$ cat data.cif   # mmCIF, C-alpha atoms
data_my_file
#
loop_
_atom_site.group_PDB
_atom_site.id
_atom_site.type_symbol
_atom_site.label_atom_id
_atom_site.label_comp_id
_atom_site.auth_asym_id
_atom_site.auth_seq_id
_atom_site.Cartn_x
_atom_site.Cartn_y
_atom_site.Cartn_z
ATOM 1 C CA MET T 1 105.394 187.103 85.476
ATOM 2 C CA ASN T 2 106.667 189.151 88.415
ATOM 3 C CA THR T 3 109.782 187.817 90.137
ATOM 4 C CA ARG T 4 110.472 188.649 93.751
ATOM 5 C CA ILE T 5 113.227 187.607 96.132
ATOM 6 C CA SER T 6 111.661 186.371 99.356
ATOM 7 C CA LYS T 7 113.751 186.902 102.477
ATOM 8 C CA THR T 8 113.671 184.085 104.997
ATOM 9 C CA GLU T 9 112.315 184.868 108.445
ATOM 10 C CA MET T 10 114.101 182.219 110.467
ATOM 11 C CA THR T 11 116.730 179.519 110.007
ATOM 12 C CA THR T 12 117.260 176.875 112.683
ATOM 13 C CA VAL T 13 120.015 174.253 112.778
ATOM 14 C CA TYR T 14 119.640 171.186 114.983
ATOM 15 C CA TYR T 15 122.461 168.842 115.989
ATOM 16 C CA ASN T 16 121.235 165.315 116.775
ATOM 17 C CA TRP T 17 123.524 162.696 118.252
ATOM 18 C CA ILE T 18 123.750 159.590 120.419
ATOM 19 C CA PRO T 19 125.684 160.572 123.584
ATOM 20 C CA GLY T 20 128.978 158.742 123.909
ATOM 21 C CA LYS T 21 128.651 157.112 120.469
ATOM 22 C CA THR T 22 129.157 160.086 118.152
ATOM 23 C CA THR T 23 132.428 161.469 116.793
ATOM 24 C CA ALA T 24 133.084 165.204 116.463
ATOM 25 C CA PHE T 25 133.750 166.713 113.043
ATOM 26 C CA PRO T 26 137.534 166.957 112.559
ATOM 27 C CA PRO T 27 139.116 170.258 111.453
ATOM 28 C CA GLY T 28 138.554 170.880 107.738
ATOM 29 C CA PHE T 29 135.551 168.552 107.479
ATOM 30 C CA ARG T 30 132.928 169.484 104.887
ATOM 31 C CA MET T 31 130.030 167.883 103.053
ATOM 32 C CA ILE T 32 126.998 168.485 100.872
ATOM 33 C CA THR T 33 123.603 166.902 101.246
ATOM 34 C CA PRO T 34 122.029 166.440 97.803
ATOM 35 C CA GLY T 35 118.508 167.262 98.916
ATOM 36 C CA GLU T 36 115.414 166.894 96.785
ATOM 37 C CA ASP T 37 112.813 168.835 94.849
ATOM 38 C CA VAL T 38 110.632 170.623 97.385
ATOM 39 C CA PHE T 39 108.304 172.786 95.298
ATOM 40 C CA ASP T 40 105.487 171.556 93.081
ATOM 41 C CA GLU T 41 105.432 172.562 89.445
ATOM 42 C CA GLY T 42 102.255 174.530 90.115
ATOM 43 C CA LYS T 43 101.695 177.320 92.590
ATOM 44 C CA THR T 44 102.349 176.736 96.256
ATOM 45 C CA PRO T 45 99.242 177.777 98.198
ATOM 46 C CA GLY T 46 99.589 180.558 100.717
ATOM 47 C CA ALA T 47 99.531 178.921 104.119
ATOM 48 C CA GLY T 48 100.598 181.712 106.460
ATOM 49 C CA GLU T 49 103.885 179.966 107.231
ATOM 50 C CA MET T 50 106.065 177.798 105.002
ATOM 51 C CA GLU T 51 108.931 175.641 106.225
ATOM 52 C CA LEU T 52 111.600 173.745 104.316
ATOM 53 C CA SER T 53 113.781 171.175 106.040
ATOM 54 C CA ILE T 54 116.766 169.090 105.065
ATOM 55 C CA SER T 55 118.957 166.519 106.844
ATOM 56 C CA PHE T 56 122.627 165.695 106.325
ATOM 57 C CA PRO T 57 124.229 162.247 106.306
ATOM 58 C CA SER T 58 125.385 161.168 109.767
ATOM 59 C CA CYS T 59 127.861 158.425 108.881
ATOM 60 C CA TRP T 60 131.478 159.066 107.813
ATOM 61 C CA ASP T 61 134.184 156.865 106.301
ATOM 62 C CA GLY T 62 136.509 157.984 109.122
ATOM 63 C CA GLU T 63 139.310 159.008 106.786
ATOM 64 C CA ASN T 64 138.450 161.699 104.246
ATOM 65 C CA LEU T 65 137.617 165.266 105.249
ATOM 66 C CA ASP T 66 136.050 165.774 101.819
ATOM 67 C CA SER T 67 135.566 163.977 98.511
ATOM 68 C CA ASP T 68 135.479 165.004 94.862
ATOM 69 C CA ASP T 69 131.696 165.277 94.867
ATOM 70 C CA HIS T 70 131.638 166.417 98.544
ATOM 71 C CA MET T 71 129.261 163.534 99.304
ATOM 72 C CA SER T 72 130.993 160.165 98.827
ATOM 73 C CA HIS T 73 132.860 160.302 102.153
ATOM 74 C CA VAL T 74 129.557 160.418 104.066
ATOM 75 C CA ALA T 75 126.398 158.311 104.011
ATOM 76 C CA PHE T 76 122.978 158.048 105.602
ATOM 77 C CA PRO T 77 122.327 155.370 108.257
ATOM 78 C CA LYS T 78 120.588 152.124 107.354
ATOM 79 C CA GLY T 79 117.124 153.043 108.601
ATOM 80 C CA GLU T 80 115.030 155.922 109.888
ATOM 81 C CA LYS T 81 115.438 155.380 113.638
ATOM 82 C CA GLU T 82 117.759 157.628 115.644
ATOM 83 C CA ASN T 83 120.040 154.683 116.481
ATOM 84 C CA ALA T 84 119.958 153.096 113.000
ATOM 85 C CA PRO T 85 123.390 151.588 112.243
ATOM 86 C CA CYS T 86 125.866 153.139 109.854
ATOM 87 C CA PRO T 87 126.840 151.137 106.754
ATOM 88 C CA ASN T 88 130.117 149.223 106.881
ATOM 89 C CA SER T 89 131.594 151.546 104.255
ATOM 90 C CA HIS T 90 131.005 154.563 106.530
ATOM 91 C CA PRO T 91 131.233 153.167 110.073
ATOM 92 C CA VAL T 92 131.859 156.388 112.045
ATOM 93 C CA ARG T 93 128.775 158.118 113.441
ATOM 94 C CA ILE T 94 128.862 161.922 113.288
ATOM 95 C CA PRO T 95 126.212 164.435 114.410
ATOM 96 C CA ARG T 96 123.130 164.573 112.201
ATOM 97 C CA LEU T 97 122.416 168.108 111.089
ATOM 98 C CA ASP T 98 118.851 169.199 110.382
ATOM 99 C CA PHE T 99 118.222 172.597 108.785
ATOM 100 C CA PHE T 100 114.817 174.281 108.994
ATOM 101 C CA ILE T 101 114.107 177.463 107.023
ATOM 102 C CA ARG T 102 110.880 179.363 107.582
ATOM 103 C CA TRP T 103 108.881 182.112 105.895
ATOM 104 C CA PHE T 104 105.951 183.799 107.641
ATOM 105 C CA ASN T 105 102.835 185.246 105.988
ATOM 106 C CA THR T 106 103.446 183.522 102.651
ATOM 107 C CA LYS T 107 101.114 183.973 99.713
ATOM 108 C CA ALA T 108 100.263 181.690 96.816
ATOM 109 C CA ALA T 109 103.166 181.857 94.390
ATOM 110 C CA MET T 110 105.319 179.910 91.930
ATOM 111 C CA TRP T 111 108.268 179.299 94.260
ATOM 112 C CA ARG T 112 111.714 178.649 92.787
ATOM 113 C CA PHE T 113 115.292 178.848 94.012
ATOM 114 C CA ALA T 114 117.734 181.400 92.597
ATOM 115 C CA ASP T 115 119.094 178.865 90.086
ATOM 116 C CA GLY T 116 115.567 178.349 88.731
ATOM 117 C CA SER T 117 115.308 174.828 90.147
ATOM 118 C CA LEU T 118 112.968 173.176 92.630
ATOM 119 C CA ARG T 119 115.814 171.424 94.462
ATOM 120 C CA PHE T 120 116.743 172.292 98.040
ATOM 121 C CA HIS T 121 120.292 171.259 98.952
ATOM 122 C CA ALA T 122 122.727 172.403 101.635
ATOM 123 C CA ASP T 123 126.477 172.635 102.276
ATOM 124 C CA TYR T 124 128.294 172.248 105.592
ATOM 125 C CA VAL T 125 131.816 173.306 106.576
ATOM 126 C CA SER T 126 132.732 172.608 110.190
ATOM 127 C CA GLY T 127 134.154 175.453 112.243
ATOM 128 C CA TRP T 128 134.008 173.676 115.596
ATOM 129 C CA ASP T 129 136.889 173.193 117.976
ATOM 130 C CA GLU T 130 137.031 169.393 117.753
ATOM 131 C CA SER T 131 137.772 168.690 121.430
ATOM 132 C CA PHE T 132 135.031 171.070 122.645
ATOM 133 C CA LEU T 133 132.450 169.549 120.293
ATOM 134 C CA GLN T 134 133.473 166.049 121.362
ATOM 135 C CA SER T 135 132.948 166.988 125.020
ATOM 136 C CA LEU T 136 129.411 168.109 124.122
ATOM 137 C CA LEU T 137 128.672 164.956 122.130
ATOM 138 C CA ASP T 138 129.758 162.797 125.061
ATOM 139 C CA GLY T 139 127.094 164.511 127.182
ATOM 140 C CA GLY T 140 123.353 165.009 126.725
ATOM 141 C CA ASP T 141 121.015 167.756 125.625
ATOM 142 C CA GLY T 142 121.063 169.501 128.996
ATOM 143 C CA ASP T 143 124.847 169.725 128.947
ATOM 144 C CA PHE T 144 124.724 171.196 125.447
ATOM 145 C CA ASP T 145 122.100 173.782 126.418
ATOM 146 C CA SER T 146 124.071 174.924 129.453
ATOM 147 C CA ARG T 147 127.319 175.455 127.521
ATOM 148 C CA VAL T 148 126.188 176.715 124.102
ATOM 149 C CA THR T 149 124.031 179.776 123.501
ATOM 150 C CA PHE T 150 123.103 182.105 120.665
ATOM 151 C CA ARG T 151 125.154 185.252 120.132
ATOM 152 C CA ALA T 152 125.115 187.573 123.197
ATOM 153 C CA GLY T 153 123.902 184.721 125.402
ATOM 154 C CA ILE T 154 120.402 184.712 123.899
ATOM 155 C CA ARG T 155 118.281 181.659 124.639
ATOM 156 C CA HIS T 156 115.077 180.499 122.987
ATOM 157 C CA GLN T 157 112.278 180.828 125.528
ATOM 158 C CA GLY T 158 109.530 179.414 123.295
ATOM 159 C CA ASN T 159 108.518 182.615 121.497
ATOM 160 C CA ASP T 160 109.877 182.601 117.938
ATOM 161 C CA LYS T 161 109.092 186.246 117.174
ATOM 162 C CA LYS T 162 110.762 187.421 120.380
ATOM 163 C CA LEU T 163 113.812 185.323 119.545
ATOM 164 C CA ILE T 164 114.007 186.806 116.028
ATOM 165 C CA LYS T 165 113.908 190.343 117.462
ATOM 166 C CA GLN T 166 116.625 189.525 119.999
ATOM 167 C CA MET T 167 118.789 187.980 117.276
ATOM 168 C CA ASN T 168 118.309 190.963 114.964
ATOM 169 C CA ASP T 169 119.152 193.362 117.806
ATOM 170 C CA ASN T 170 122.399 191.456 118.414
ATOM 171 C CA LYS T 171 123.303 190.436 114.880
ATOM 172 C CA VAL T 172 126.819 189.905 113.601
ATOM 173 C CA PRO T 173 128.111 193.266 112.254
ATOM 174 C CA ASP T 174 127.568 193.759 108.533
ATOM 175 C CA ALA T 175 130.534 193.009 106.290
ATOM 176 C CA ASP T 176 132.684 195.929 105.195
ATOM 177 C CA THR T 177 131.764 196.423 101.542
ATOM 178 C CA THR T 178 133.799 199.579 100.937
ATOM 179 C CA CYS T 179 136.234 197.546 98.826
ATOM 180 C CA ILE T 180 133.502 196.794 96.262
ATOM 181 C CA THR T 181 133.634 199.096 93.278
ATOM 182 C CA THR T 182 130.901 201.646 92.714
ATOM 183 C CA GLU T 183 131.699 201.654 88.998
ATOM 184 C CA GLN T 184 128.609 201.205 86.870
ATOM 185 C CA ILE T 185 128.681 197.845 85.108
ATOM 186 C CA ASP T 186 126.917 197.312 81.813
ATOM 187 C CA ASN T 187 126.708 194.730 79.021
ATOM 188 C CA LEU T 188 125.777 192.072 81.581
ATOM 189 C CA VAL T 189 122.604 190.461 80.282
ATOM 190 C CA ASN T 190 122.295 187.629 82.806
ATOM 191 C CA LEU T 191 124.061 186.654 85.992
ATOM 192 C CA PRO T 192 125.715 183.212 85.923
ATOM 193 C CA ARG T 193 123.149 180.610 86.965
ATOM 194 C CA GLY T 194 122.858 176.879 87.274
ATOM 195 C CA SER T 195 122.507 174.066 89.755
ATOM 196 C CA CYS T 196 125.203 173.688 92.379
ATOM 197 C CA THR T 197 127.914 171.222 91.390
ATOM 198 C CA GLY T 198 130.065 171.691 94.474
ATOM 199 C CA THR T 199 132.792 173.555 92.598
#

$ encode --input "data.cif" --output "C-alpha cells"
Amino acid sequence: MNTRISKTEMTTVYYNWIPGKTTAFPPGFRMITPGEDVFDEGKTPGAGEMELSISFPSCWDGENLDSDDHMSHVAFPKGEKENAPCPNSHPVRIPRLDFFIRWFNTKAAMWRFADGSLRFHADYVSGWDESFLQSLLDGGDGDFDSRVTFRAGIRHQGNDKKLIKQMNDNKVPDADTTCITTEQIDNLVNLPRGSCTGT
C-alpha cells in the first residue's frame, strides 16, 4: 500500500459568540476538543473537495486556565442552538471555535491521520489580548470584520482560490531551521507515534 502525505489546501477558523454575553479567553487559557472518528474504515470516495470540521466547547468553569486532561475545565452547552445555556458546572460562556480544513481535487483513498487513527481532534492556546478580544465580543460581526483582518490586510471577497493565493503571497516567513543538524541519522526504524494524550 502506498502512503502519501496530503497537504491541506485551506484552513478556516470561525469565532461564534453572543454579543454582550460572551467572555474573552484570559491569558494562558488552553483547551482540547476530543473530536471524533471522521474517516470510514473503507476507502473515502473521491469527491473533488473534502472538508473536515470540528467545534470546541464554549462553556468554561470560570476559574481554571487548563486542567489535567485539558478538557475538564470546559464543556459544551446544553443543546444545539446558538443560545443554548451553559451547564451549572461551567457557567461562563466563551467564544465557540469552529475549525474547517479543506482538500481540493481529492481522490478515492484510505485516509488516516499521522498517528494511524481515524480521530480528528484539535488543540487551542489563546494568544489574544484579553481586553481587545472582549471589546470585539461585546460588538457584532460587522465590528469584528472592520477591526480584524488577515495578514497584510487581506479580506475574503468570496473567491477561495484568490484568497489562498493572496495568503500564500503574504505568508508568515518560514522558520529559521539553520540550527537543525544536518548530521545523517540512522538506526531509527519508526518515528514515535500514537494518539494525542495532551502531554

$ resolve_selection --input "data.cif" --expression "the PyMOL selection byres ((chain T and resi 120) around 12)" --output "JSON, numbers by chain"
{"T": [32, 33, 34, 35, 36, 37, 38, 39, 51, 52, 53, 54, 55, 99, 100, 101, 111, 112, 113, 114, 115, 116, 117, 118, 119, 121, 122, 123, 195, 196]}

$ residues_around --input "data.cif" --residues "stretch 125-141 of chain T" --least-positions-apart "5" --cutoff "12 Å" --atoms "all atoms listed in the file" --output "VMD selection string"
chain T and resid 14 to 33 56 65 to 66 70 93 to 97 146 to 148

$ write_last_selection --input "data.cif" --atoms "C-alpha atoms" --output "mmCIF file, in the frame of the given file"
data_model
loop_
_atom_site.group_PDB
_atom_site.id
_atom_site.type_symbol
_atom_site.label_atom_id
_atom_site.label_comp_id
_atom_site.auth_asym_id
_atom_site.auth_seq_id
_atom_site.Cartn_x
_atom_site.Cartn_y
_atom_site.Cartn_z
ATOM 1 C CA TYR T 14 119.640 171.186 114.983
ATOM 2 C CA TYR T 15 122.461 168.842 115.989
ATOM 3 C CA ASN T 16 121.235 165.315 116.775
ATOM 4 C CA TRP T 17 123.524 162.696 118.252
ATOM 5 C CA ILE T 18 123.750 159.590 120.419
ATOM 6 C CA PRO T 19 125.684 160.572 123.584
ATOM 7 C CA GLY T 20 128.978 158.742 123.909
ATOM 8 C CA LYS T 21 128.651 157.112 120.469
ATOM 9 C CA THR T 22 129.157 160.086 118.152
ATOM 10 C CA THR T 23 132.428 161.469 116.793
ATOM 11 C CA ALA T 24 133.084 165.204 116.463
ATOM 12 C CA PHE T 25 133.750 166.713 113.043
ATOM 13 C CA PRO T 26 137.534 166.957 112.559
ATOM 14 C CA PRO T 27 139.116 170.258 111.453
ATOM 15 C CA GLY T 28 138.554 170.880 107.738
ATOM 16 C CA PHE T 29 135.551 168.552 107.479
ATOM 17 C CA ARG T 30 132.928 169.484 104.887
ATOM 18 C CA MET T 31 130.030 167.883 103.053
ATOM 19 C CA ILE T 32 126.998 168.485 100.872
ATOM 20 C CA THR T 33 123.603 166.902 101.246
ATOM 21 C CA PHE T 56 122.627 165.695 106.325
ATOM 22 C CA LEU T 65 137.617 165.266 105.249
ATOM 23 C CA ASP T 66 136.050 165.774 101.819
ATOM 24 C CA HIS T 70 131.638 166.417 98.544
ATOM 25 C CA ARG T 93 128.775 158.118 113.441
ATOM 26 C CA ILE T 94 128.862 161.922 113.288
ATOM 27 C CA PRO T 95 126.212 164.435 114.410
ATOM 28 C CA ARG T 96 123.130 164.573 112.201
ATOM 29 C CA LEU T 97 122.416 168.108 111.089
ATOM 30 C CA SER T 146 124.071 174.924 129.453
ATOM 31 C CA ARG T 147 127.319 175.455 127.521
ATOM 32 C CA VAL T 148 126.188 176.715 124.102
#

$ atom_distance --input "data.cif" --atom1 "atom CA of T:Thr44" --atom2 "atom CA of T:Asp98"
23.0 Å

$ atom_distance --input "data.cif" --atom1 "atom CA of T:Leu163" --atom2 "atom CA of T:Met50"
18.1 Å

$ residues_around --input "data.cif" --residues "stretch 82-92 of chain T" --least-positions-apart "4" --cutoff "7 Å" --atoms "only C-alpha atoms" --output "list in words"
Thr23, Cys59, Trp60, Asp61, Gly62, Val74, Ala75, Pro77 and Lys78 of chain T

$ resolve_selection --input "data.cif" --expression "the PyMOL selection byres ((chain T and resi 10) around 8)" --output "ChimeraX atom specification"
/T:8-9,11-12,101-103,164

$ closest_residue --input "data.cif" --among "T:Ile180, T:Ser6, T:Ser58, T:Asp174" --to "T:Lys107" --atoms "all atoms listed in the file"
T:Ser6

$ atom_distance --input "data.cif" --atom1 "atom CA of T:Lys7" --atom2 "atom CA of T:Pro173"
18.5 Å

$ build_atoms --input "data.cif" --residues "stretch 23-46 of chain T" --atoms "N, CA, C and O atoms" --output "PDB file, in the coordinates of the input"
ATOM      1  N   THR T  23     131.100 160.869 116.961  1.00  0.00           N
ATOM      2  CA  THR T  23     132.428 161.469 116.793  1.00  0.00           C
ATOM      3  C   THR T  23     132.312 162.900 116.288  1.00  0.00           C
ATOM      4  O   THR T  23     131.535 163.186 115.377  1.00  0.00           O
ATOM      5  N   ALA T  24     133.089 163.794 116.864  1.00  0.00           N
ATOM      6  CA  ALA T  24     133.084 165.204 116.463  1.00  0.00           C
ATOM      7  C   ALA T  24     133.657 165.370 115.054  1.00  0.00           C
ATOM      8  O   ALA T  24     134.511 164.591 114.613  1.00  0.00           O
ATOM      9  N   PHE T  25     133.183 166.394 114.354  1.00  0.00           N
ATOM     10  CA  PHE T  25     133.750 166.713 113.043  1.00  0.00           C
ATOM     11  C   PHE T  25     135.205 167.132 113.227  1.00  0.00           C
ATOM     12  O   PHE T  25     135.500 168.003 114.032  1.00  0.00           O
ATOM     13  N   PRO T  26     136.132 166.540 112.464  1.00  0.00           N
ATOM     14  CA  PRO T  26     137.534 166.957 112.559  1.00  0.00           C
ATOM     15  C   PRO T  26     137.756 168.287 111.840  1.00  0.00           C
ATOM     16  O   PRO T  26     136.931 168.693 111.012  1.00  0.00           O
ATOM     17  N   PRO T  27     138.834 168.992 112.138  1.00  0.00           N
ATOM     18  CA  PRO T  27     139.116 170.258 111.453  1.00  0.00           C
ATOM     19  C   PRO T  27     139.183 170.060 109.938  1.00  0.00           C
ATOM     20  O   PRO T  27     139.775 169.097 109.455  1.00  0.00           O
ATOM     21  N   GLY T  28     138.539 170.951 109.193  1.00  0.00           N
ATOM     22  CA  GLY T  28     138.554 170.880 107.738  1.00  0.00           C
ATOM     23  C   GLY T  28     137.456 170.014 107.146  1.00  0.00           C
ATOM     24  O   GLY T  28     137.367 169.890 105.919  1.00  0.00           O
ATOM     25  N   PHE T  29     136.617 169.428 107.981  1.00  0.00           N
ATOM     26  CA  PHE T  29     135.551 168.552 107.479  1.00  0.00           C
ATOM     27  C   PHE T  29     134.482 169.372 106.768  1.00  0.00           C
ATOM     28  O   PHE T  29     134.085 170.441 107.223  1.00  0.00           O
ATOM     29  N   ARG T  30     134.011 168.835 105.635  1.00  0.00           N
ATOM     30  CA  ARG T  30     132.928 169.484 104.887  1.00  0.00           C
ATOM     31  C   ARG T  30     132.116 168.444 104.135  1.00  0.00           C
ATOM     32  O   ARG T  30     132.595 167.343 103.864  1.00  0.00           O
ATOM     33  N   MET T  31     130.888 168.810 103.795  1.00  0.00           N
ATOM     34  CA  MET T  31     130.030 167.883 103.053  1.00  0.00           C
ATOM     35  C   MET T  31     128.864 168.643 102.439  1.00  0.00           C
ATOM     36  O   MET T  31     128.571 169.784 102.813  1.00  0.00           O
ATOM     37  N   ILE T  32     128.221 167.977 101.503  1.00  0.00           N
ATOM     38  CA  ILE T  32     126.998 168.485 100.872  1.00  0.00           C
ATOM     39  C   ILE T  32     125.925 167.415 101.032  1.00  0.00           C
ATOM     40  O   ILE T  32     126.215 166.219 100.938  1.00  0.00           O
ATOM     41  N   THR T  33     124.720 167.838 101.313  1.00  0.00           N
ATOM     42  CA  THR T  33     123.603 166.902 101.246  1.00  0.00           C
ATOM     43  C   THR T  33     122.830 167.198  99.966  1.00  0.00           C
ATOM     44  O   THR T  33     122.539 168.368  99.673  1.00  0.00           O
ATOM     45  N   PRO T  34     122.577 166.191  99.133  1.00  0.00           N
ATOM     46  CA  PRO T  34     122.029 166.440  97.803  1.00  0.00           C
ATOM     47  C   PRO T  34     120.623 167.000  97.802  1.00  0.00           C
ATOM     48  O   PRO T  34     120.215 167.691  96.874  1.00  0.00           O
ATOM     49  N   GLY T  35     119.853 166.715  98.844  1.00  0.00           N
ATOM     50  CA  GLY T  35     118.508 167.262  98.916  1.00  0.00           C
ATOM     51  C   GLY T  35     117.546 166.652  97.912  1.00  0.00           C
ATOM     52  O   GLY T  35     117.794 165.592  97.342  1.00  0.00           O
ATOM     53  N   GLU T  36     116.453 167.374  97.685  1.00  0.00           N
ATOM     54  CA  GLU T  36     115.414 166.894  96.785  1.00  0.00           C
ATOM     55  C   GLU T  36     114.568 168.062  96.311  1.00  0.00           C
ATOM     56  O   GLU T  36     114.667 169.170  96.835  1.00  0.00           O
ATOM     57  N   ASP T  37     113.739 167.806  95.308  1.00  0.00           N
ATOM     58  CA  ASP T  37     112.813 168.835  94.849  1.00  0.00           C
ATOM     59  C   ASP T  37     111.759 169.064  95.928  1.00  0.00           C
ATOM     60  O   ASP T  37     111.150 168.106  96.428  1.00  0.00           O
ATOM     61  N   VAL T  38     111.548 170.326  96.280  1.00  0.00           N
ATOM     62  CA  VAL T  38     110.632 170.623  97.385  1.00  0.00           C
ATOM     63  C   VAL T  38     109.425 171.461  96.968  1.00  0.00           C
ATOM     64  O   VAL T  38     108.488 171.618  97.749  1.00  0.00           O
ATOM     65  N   PHE T  39     109.439 172.004  95.767  1.00  0.00           N
ATOM     66  CA  PHE T  39     108.304 172.786  95.298  1.00  0.00           C
ATOM     67  C   PHE T  39     107.576 172.036  94.191  1.00  0.00           C
ATOM     68  O   PHE T  39     108.199 171.410  93.339  1.00  0.00           O
ATOM     69  N   ASP T  40     106.265 172.133  94.167  1.00  0.00           N
ATOM     70  CA  ASP T  40     105.487 171.556  93.081  1.00  0.00           C
ATOM     71  C   ASP T  40     105.659 172.407  91.833  1.00  0.00           C
ATOM     72  O   ASP T  40     106.044 173.570  91.890  1.00  0.00           O
ATOM     73  N   GLU T  41     105.357 171.822  90.702  1.00  0.00           N
ATOM     74  CA  GLU T  41     105.432 172.562  89.445  1.00  0.00           C
ATOM     75  C   GLU T  41     104.413 173.709  89.416  1.00  0.00           C
ATOM     76  O   GLU T  41     104.631 174.738  88.822  1.00  0.00           O
ATOM     77  N   GLY T  42     103.266 173.483  90.070  1.00  0.00           N
ATOM     78  CA  GLY T  42     102.255 174.530  90.115  1.00  0.00           C
ATOM     79  C   GLY T  42     102.510 175.507  91.249  1.00  0.00           C
ATOM     80  O   GLY T  42     103.567 175.491  91.888  1.00  0.00           O
ATOM     81  N   LYS T  43     101.540 176.346  91.520  1.00  0.00           N
ATOM     82  CA  LYS T  43     101.695 177.320  92.590  1.00  0.00           C
ATOM     83  C   LYS T  43     101.620 176.648  93.958  1.00  0.00           C
ATOM     84  O   LYS T  43     100.882 175.699  94.167  1.00  0.00           O
ATOM     85  N   THR T  44     102.426 177.176  94.878  1.00  0.00           N
ATOM     86  CA  THR T  44     102.349 176.736  96.256  1.00  0.00           C
ATOM     87  C   THR T  44     101.304 177.586  96.960  1.00  0.00           C
ATOM     88  O   THR T  44     101.386 178.811  96.925  1.00  0.00           O
ATOM     89  N   PRO T  45     100.304 176.980  97.580  1.00  0.00           N
ATOM     90  CA  PRO T  45      99.242 177.777  98.198  1.00  0.00           C
ATOM     91  C   PRO T  45      99.759 178.576  99.383  1.00  0.00           C
ATOM     92  O   PRO T  45     100.658 178.139 100.099  1.00  0.00           O
ATOM     93  N   GLY T  46      99.217 179.764  99.561  1.00  0.00           N
ATOM     94  CA  GLY T  46      99.589 180.558 100.717  1.00  0.00           C
ATOM     95  C   GLY T  46      99.065 179.883 101.965  1.00  0.00           C
ATOM     96  O   GLY T  46      97.897 179.537 102.052  1.00  0.00           O
TER      97      GLY T  46
END
